[in-house]
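> Have a peek at entry.cif (mmCIF, C-alpha atoms).
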```cif
data_data
#
loop_
_atom_site.label_atom_id
_atom_site.label_comp_id
_atom_site.auth_asym_id
_atom_site.auth_seq_id
_atom_site.Cartn_x
_atom_site.Cartn_y
_atom_site.Cartn_z
CA VAL A 1 120.38 105.96 143.80
CA VAL A 2 121.03 107.29 140.31
CA ALA A 3 124.50 108.51 139.29
CA ILE A 4 124.72 108.28 135.52
CA GLY A 5 126.76 109.89 132.82
CA ASN A 6 129.86 111.84 132.21
CA ARG A 7 130.23 115.51 131.30
CA GLU A 8 133.51 115.23 129.44
CA PRO A 9 133.31 117.38 126.28
CA TRP A 10 133.90 114.48 123.90
CA MET A 11 131.26 112.22 125.46
CA PRO A 12 127.72 111.98 124.04
CA ARG A 13 124.97 113.72 126.00
CA THR A 14 122.80 110.89 127.28
CA LEU A 15 121.89 111.88 130.86
CA ALA A 16 118.31 112.89 129.99
CA LEU A 17 117.71 109.78 127.87
CA GLY A 18 119.12 107.50 130.53
CA MET A 19 117.14 109.20 133.28
CA ALA A 20 113.91 108.88 131.29
CA ASP A 21 114.52 105.14 130.95
CA ILE A 22 115.33 104.78 134.65
CA ARG A 23 112.26 106.82 135.62
CA GLU A 24 109.97 104.70 133.45
CA ALA A 25 111.36 101.49 134.94
CA ALA A 26 110.98 102.93 138.45
CA VAL A 27 107.35 103.88 137.79
CA VAL A 28 106.54 100.43 136.38
CA CYS A 29 108.28 98.69 139.30
CA LYS A 30 106.64 101.04 141.83
CA VAL A 31 109.96 102.27 143.22
CA PRO A 32 109.02 104.78 145.92
CA ARG A 33 112.16 106.94 145.87
CA LEU A 34 114.88 108.16 143.51
CA VAL A 35 117.98 110.01 144.73
CA VAL A 36 119.63 111.53 141.65
CA LEU A 37 123.15 112.97 141.28
CA SER A 38 123.26 116.20 139.25
CA SER A 39 125.52 119.27 139.38
CA PHE A 40 125.61 122.60 141.21
CA GLY A 41 125.14 125.86 139.36
CA LEU A 42 121.94 124.99 137.51
CA SER A 43 118.74 127.04 137.54
CA GLY A 44 117.38 127.72 140.99
CA ASP A 45 120.60 126.89 142.83
CA PRO A 46 120.69 129.17 145.91
CA LEU A 47 124.47 129.50 145.99
CA PRO A 48 125.63 133.12 145.97
CA TRP A 49 127.44 134.32 142.87
CA LYS A 50 131.03 133.88 144.04
CA TRP A 51 133.89 133.39 141.56
CA ILE A 52 133.46 129.61 141.39
CA ARG A 53 129.77 129.84 140.58
CA TYR A 54 130.44 132.54 137.96
CA GLY A 55 133.16 130.41 136.40
CA TRP A 56 131.07 127.25 136.45
CA ALA A 57 128.02 129.06 135.05
CA LEU A 58 130.16 130.62 132.31
CA MET A 59 131.64 127.26 131.39
CA LEU A 60 128.22 125.56 131.34
CA SER A 61 126.69 128.35 129.25
CA THR A 62 129.50 128.43 126.66
CA VAL A 63 132.00 125.60 126.28
CA SER A 64 129.76 122.99 127.90
CA ARG A 65 126.37 124.28 126.82
CA SER A 66 125.28 120.80 125.72
CA ALA A 67 126.19 119.45 129.18
CA TRP A 68 124.07 122.16 130.83
CA HIS A 69 121.09 121.34 128.61
CA ASP A 70 121.53 117.62 129.30
CA LEU A 71 121.73 118.15 133.08
CA VAL A 72 118.62 120.36 133.10
CA ALA A 73 116.75 117.83 130.94
CA MET A 74 117.93 114.99 133.21
CA GLU A 75 116.56 116.75 136.30
CA ALA A 76 113.26 117.39 134.50
CA ALA A 77 113.05 113.74 133.43
CA ALA A 78 113.71 112.59 137.01
CA GLN A 79 110.95 114.80 138.37
CA ASP A 80 108.40 113.85 135.69
CA THR A 81 106.82 111.00 137.66
CA GLY A 82 103.31 112.35 138.01
CA GLY A 83 103.87 112.43 141.76
CA SER A 84 104.25 108.65 142.00
CA ILE A 85 107.91 108.78 143.09
CA ASP A 86 109.60 110.88 145.77
CA VAL A 87 112.60 112.43 143.95
CA LEU A 88 115.62 114.06 145.57
CA ILE A 89 118.07 115.82 143.23
CA VAL A 90 121.56 116.14 144.75
CA ARG A 91 123.84 118.88 143.37
CA PRO A 92 127.41 118.48 144.69
CA THR A 93 130.03 121.21 144.56
CA GLY A 94 133.53 120.26 143.44
CA LEU A 95 132.95 116.50 143.54
CA THR A 96 136.41 114.97 143.62
CA PRO A 97 138.16 111.63 144.19
CA LYS A 98 141.19 113.58 145.50
CA LEU A 99 139.69 114.04 148.96
CA SER A 100 139.46 111.28 151.55
CA ALA A 101 136.00 110.60 152.94
CA ILE A 102 135.24 112.09 156.35
CA GLY A 103 131.59 111.08 156.66
CA ALA A 104 130.42 114.69 156.92
CA TRP A 105 128.92 117.26 154.59
CA ARG A 106 126.82 120.39 154.55
CA LEU A 107 123.59 120.95 152.71
CA PHE A 108 122.78 124.29 151.17
CA ARG A 109 119.15 125.02 150.39
CA THR A 110 118.73 128.71 151.19
CA THR A 111 121.02 131.72 151.33
CA THR A 112 120.81 131.66 155.14
CA ASP A 113 122.32 128.16 155.47
CA PRO A 114 125.88 127.87 156.87
CA PRO A 115 128.67 128.06 154.28
CA ILE A 116 129.80 125.00 152.36
CA ALA A 117 133.25 124.24 150.98
CA TYR A 118 133.80 123.98 147.24
CA GLY A 119 135.21 120.45 147.41
CA ILE A 120 133.65 117.28 148.71
CA ALA A 121 134.79 113.67 148.56
CA LYS A 122 132.89 111.39 146.19
CA GLN A 123 132.45 108.87 149.00
CA ASP A 124 130.81 111.49 151.24
CA VAL A 125 128.26 112.36 148.54
CA ALA A 126 127.63 108.65 147.93
CA LYS A 127 127.05 108.05 151.64
CA PHE A 128 124.60 110.97 151.83
CA MET A 129 122.71 109.69 148.78
CA VAL A 130 122.44 106.13 150.12
CA GLN A 131 121.31 107.42 153.53
CA GLU A 132 118.62 109.52 151.82
CA ALA A 133 117.52 106.54 149.73
CA VAL A 134 117.18 104.28 152.77
CA VAL A 135 115.91 106.78 155.37
CA PRO A 136 114.53 109.83 153.55
CA THR A 137 114.64 113.20 155.30
CA LEU A 138 114.26 115.44 152.23
CA HIS A 139 111.26 114.87 149.99
CA ASN A 140 110.65 115.98 146.39
CA ALA A 141 113.50 118.45 146.70
CA ILE A 142 116.70 119.73 145.16
CA VAL A 143 119.67 120.19 147.49
CA THR A 144 123.22 121.42 147.01
CA ILE A 145 125.81 119.48 149.00
CA GLY A 146 129.37 120.53 149.80
CA GLY A 147 132.13 119.87 152.24
CA VAL A 148 132.35 121.29 155.74
CA PRO A 149 134.81 124.22 155.47
CA GLY A 150 138.18 123.25 156.94
CA ALA A 151 137.16 119.65 157.66
CA TYR A 152 139.24 117.80 155.07
CA ALA A 153 142.81 117.04 156.15
CA ASP A 154 143.81 116.80 152.47
CA ALA A 155 142.01 120.03 151.50
CA ASP A 156 145.14 121.27 149.73
CA GLN A 157 143.81 119.15 146.86
CA ILE A 158 141.02 121.68 146.25
CA PRO A 159 140.78 125.47 146.03
CA ASP A 160 140.85 127.09 149.48
CA ASN A 161 137.57 128.91 149.33
CA VAL A 162 133.98 128.71 150.34
CA VAL A 163 131.21 129.02 147.77
CA SER A 164 128.63 130.45 150.10
CA HIS A 165 128.50 133.60 152.23
#
```
Could you show the structure in this file as structure tokens?


Amino acid sequence: VVAIGNREPWMPRTLALGMADIREAAVVCKVPRLVVLSSFGLSGDPLPWKWIRYGWALMLSTVSRSAWHDLVAMEAAAQDTGGSIDVLIVRPTGLTPKLSAIGAWRLFRTTTDPPIAYGIAKQDVAKFMVQEAVVPTLHNAIVTIGGVPGAYADADQIPDNVVSH
């Protein structure tokens, strides 16, 4: 499970460099699987263009352009294994420590998938990633993960909207 970096504006952009080092070590050590934390709203994300995706895309393409480039380069570095490692890229929506874990989530891979909530507890994403590392169900894929709409008791901590459908 790989969850490196920080996208704060004042922090150096080292996700791609760190991922390249991790990937090389994984190849040398014959690690069969990497589950990598990234971010929603990058190229190829199937989420419909609702206000949150527009806002996030605008922020990543302007104020945080270097973060966008670093995230894209990190994903590319993770996938550049020559096929020797099964890589799952996980793109959470609204990852927050303000929500209590509920042990549930929704995956969004196509525009016909059920809607996902903008916010999701960090612990829920971590549990999904560890489960996928131990018992893989998604192979060489990129998946967007979000909360189950209406499932969090403390959902007043996040915007009351759904990013899909």

> Just how far from CA of Ile89 (chain A) is CA of Asp124 (chain A), in Å to one decimal?

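Spanning CA of Asp124 (chain A) to CA of Ile89 (chain A) is a straight-line distance of 15.7 Å.
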
> Find the nearest atom pair between each residue of region 27-127 of chain A and region 137-144 of chain A for residues within 7 Å, count only C-alpha atoms, give distances in Å to one decimal, sort rows by chain and ascending number, and present the table as a tab-separated table.


```
residue	atom	partner	partner_atom	distance
A:Phe40	CA	A:Thr144	CA	6.4
A:Asp86	CA	A:Asn140	CA	5.2
A:Val87	CA	A:Asn140	CA	4.7
A:Leu88	CA	A:Ala141	CA	5.0
A:Ile89	CA	A:Ile142	CA	4.6
A:Val90	CA	A:Val143	CA	5.2
A:Arg91	CA	A:Thr144	CA	4.5
A:Pro92	CA	A:Thr144	CA	5.6
A:Leu107	CA	A:Thr144	CA	5.7
A:Phe108	CA	A:Thr144	CA	5.1
A:Arg109	CA	A:Val143	CA	5.7
```

> Name the closest residue to Ile4 (chain A) among the candidates A:Ile145, A:Val31, A:Val36, A:Ile116; distances are taken between atoms, counting all atoms listed in the file.

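Nearest candidate to Ile4 (chain A) out of A:Ile145, A:Val31, A:Val36, A:Ile116: A:Val36.
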
> List the residues selected by the PyMOL selection byres ((chain A and resi 32) around 12) in the file shown, writing them as number ranges by chain.

A: 1, 23, 25-31, 33-35, 81, 83-88, 133-136, 139-140

> Met74 (chain A): which residues within 7 Å, counting only C-alpha atoms, same-chain residues fewer than 4 positions away excluded, as a compact mmCIF listing (two decimals) with C-alpha atoms, keeping the file's coordinate frame?


```txt
# COMPACT_ATOMS: atom_id res chain seq x y z
CA LEU A 15 121.89 111.88 130.86
CA ALA A 16 118.31 112.89 129.99
CA MET A 19 117.14 109.20 133.28
CA ASP A 70 121.53 117.62 129.30
CA ALA A 78 113.71 112.59 137.01
```

> Taking into account only C-alpha atoms, which residue in the set A:Leu95, A:Val2, A:Met129, A:Ala151 is nearest to Gly18 (chain A)?

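Answer, going by the shortest atom-to-atom distance: A:Val2.
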
> Using CA of Gly146 (chain A) and CA of Thr96 (chain A) as the two end points, give the distance in Å to one decimal.

10.9 Å

> For the atom pair CA of Ile102 (chain A) and CA of Val130 (chain A), what is the interatomic distance in Å to one decimal place?

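CA of Val130 (chain A) lies 15.4 Å from CA of Ile102 (chain A).
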
> Translate the PyMOL selection byres ((chain A and resi 123) around 9), as applied to the file shown, into an explicit residue set as a list in words.

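Applying the PyMOL selection byres ((chain A and resi 123) around 9) to the structure shown produces Pro97, Leu99, Ser100, Ala101, Ile102, Gly103, Ile120, Ala121, Lys122, Asp124, Val125, Ala126, Lys127 and Phe128 of chain A.
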
> Between A:Gly119, A:Gly41, A:Gly82, A:Gly147, which is the closest to Ala104 (chain A) once you count all atoms listed in the file?

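Between A:Gly119, A:Gly41, A:Gly82, A:Gly147, the residue approaching Ala104 (chain A) most closely is A:Gly147.
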
> How about completing region 89-112 of chain A with N, CA, C and O atoms and giving it to me as an mmCIF file, keeping the file's coordinate frame?


```cif
data_model
loop_
_atom_site.group_PDB
_atom_site.id
_atom_site.type_symbol
_atom_site.label_atom_id
_atom_site.label_comp_id
_atom_site.auth_asym_id
_atom_site.auth_seq_id
_atom_site.Cartn_x
_atom_site.Cartn_y
_atom_site.Cartn_z
ATOM 1 N N ILE A 89 116.952 115.484 144.122
ATOM 2 C CA ILE A 89 118.070 115.820 143.230
ATOM 3 C C ILE A 89 119.206 116.339 144.106
ATOM 4 O O ILE A 89 119.010 117.257 144.911
ATOM 5 N N VAL A 90 120.391 115.769 143.952
ATOM 6 C CA VAL A 90 121.560 116.140 144.750
ATOM 7 C C VAL A 90 122.577 116.824 143.837
ATOM 8 O O VAL A 90 123.031 116.233 142.856
ATOM 9 N N ARG A 91 122.914 118.077 144.166
ATOM 10 C CA ARG A 91 123.840 118.880 143.370
ATOM 11 C C ARG A 91 125.132 119.119 144.156
ATOM 12 O O ARG A 91 125.226 120.055 144.938
ATOM 13 N N PRO A 92 126.154 118.283 143.953
ATOM 14 C CA PRO A 92 127.410 118.480 144.690
ATOM 15 C C PRO A 92 128.263 119.599 144.102
ATOM 16 O O PRO A 92 128.236 119.857 142.909
ATOM 17 N N THR A 93 129.030 120.235 144.984
ATOM 18 C CA THR A 93 130.030 121.210 144.560
ATOM 19 C C THR A 93 131.371 120.509 144.506
ATOM 20 O O THR A 93 131.675 119.709 145.384
ATOM 21 N N GLY A 94 132.156 120.756 143.495
ATOM 22 C CA GLY A 94 133.530 120.260 143.440
ATOM 23 C C GLY A 94 133.699 118.802 143.820
ATOM 24 O O GLY A 94 134.573 118.464 144.606
ATOM 25 N N LEU A 95 132.884 117.936 143.262
ATOM 26 C CA LEU A 95 132.950 116.500 143.540
ATOM 27 C C LEU A 95 134.311 115.977 143.076
ATOM 28 O O LEU A 95 134.678 116.116 141.910
ATOM 29 N N THR A 96 135.064 115.384 143.990
ATOM 30 C CA THR A 96 136.410 114.970 143.620
ATOM 31 C C THR A 96 136.829 113.668 144.299
ATOM 32 O O THR A 96 136.481 113.429 145.456
ATOM 33 N N PRO A 97 137.596 112.837 143.579
ATOM 34 C CA PRO A 97 138.160 111.630 144.190
ATOM 35 C C PRO A 97 139.456 111.952 144.936
ATOM 36 O O PRO A 97 140.030 111.087 145.579
ATOM 37 N N LYS A 98 139.919 113.210 144.874
ATOM 38 C CA LYS A 98 141.190 113.580 145.500
ATOM 39 C C LYS A 98 141.087 113.777 146.998
ATOM 40 O O LYS A 98 142.099 113.863 147.674
ATOM 41 N N LEU A 99 139.872 113.873 147.522
ATOM 42 C CA LEU A 99 139.690 114.040 148.960
ATOM 43 C C LEU A 99 139.308 112.719 149.596
ATOM 44 O O LEU A 99 138.549 111.936 149.031
ATOM 45 N N SER A 100 139.811 112.478 150.798
ATOM 46 C CA SER A 100 139.460 111.280 151.550
ATOM 47 C C SER A 100 138.123 111.517 152.253
ATOM 48 O O SER A 100 137.868 112.602 152.771
ATOM 49 N N ALA A 101 137.305 110.494 152.295
ATOM 50 C CA ALA A 101 136.000 110.600 152.940
ATOM 51 C C ALA A 101 136.148 110.910 154.419
ATOM 52 O O ALA A 101 137.028 110.374 155.084
ATOM 53 N N ILE A 102 135.251 111.782 154.918
ATOM 54 C CA ILE A 102 135.240 112.090 156.350
ATOM 55 C C ILE A 102 133.882 111.782 156.977
ATOM 56 O O ILE A 102 133.700 111.906 158.172
ATOM 57 N N GLY A 103 132.910 111.402 156.142
ATOM 58 C CA GLY A 103 131.590 111.080 156.660
ATOM 59 C C GLY A 103 130.785 112.291 157.097
ATOM 60 O O GLY A 103 129.870 112.180 157.901
ATOM 61 N N ALA A 104 131.140 113.452 156.570
ATOM 62 C CA ALA A 104 130.420 114.690 156.920
ATOM 63 C C ALA A 104 130.243 115.543 155.673
ATOM 64 O O ALA A 104 131.021 115.441 154.719
ATOM 65 N N TRP A 105 129.233 116.376 155.707
ATOM 66 C CA TRP A 105 128.920 117.260 154.590
ATOM 67 C C TRP A 105 128.020 118.366 155.092
ATOM 68 O O TRP A 105 127.532 118.300 156.226
ATOM 69 N N ARG A 106 127.800 119.348 154.246
ATOM 70 C CA ARG A 106 126.820 120.390 154.550
ATOM 71 C C ARG A 106 125.873 120.519 153.387
ATOM 72 O O ARG A 106 126.276 120.463 152.233
ATOM 73 N N LEU A 107 124.610 120.723 153.730
ATOM 74 C CA LEU A 107 123.590 120.950 152.710
ATOM 75 C C LEU A 107 123.317 122.442 152.623
ATOM 76 O O LEU A 107 123.347 123.142 153.624
ATOM 77 N N PHE A 108 123.046 122.876 151.409
ATOM 78 C CA PHE A 108 122.780 124.290 151.170
ATOM 79 C C PHE A 108 121.484 124.387 150.385
ATOM 80 O O PHE A 108 121.412 123.952 149.252
ATOM 81 N N ARG A 109 120.450 124.915 151.036
ATOM 82 C CA ARG A 109 119.150 125.020 150.390
ATOM 83 C C ARG A 109 118.647 126.460 150.296
ATOM 84 O O ARG A 109 117.822 126.775 149.454
ATOM 85 N N THR A 110 119.118 127.303 151.211
ATOM 86 C CA THR A 110 118.730 128.710 151.190
ATOM 87 C C THR A 110 119.953 129.569 151.458
ATOM 88 O O THR A 110 120.963 129.079 151.972
ATOM 89 N N THR A 111 119.864 130.825 151.147
ATOM 90 C CA THR A 111 121.020 131.720 151.330
ATOM 91 C C THR A 111 121.345 131.962 152.794
ATOM 92 O O THR A 111 122.375 132.547 153.096
ATOM 93 N N THR A 112 120.518 131.493 153.717
ATOM 94 C CA THR A 112 120.810 131.660 155.140
ATOM 95 C C THR A 112 121.468 130.425 155.754
ATOM 96 O O THR A 112 121.815 130.427 156.927
#
```
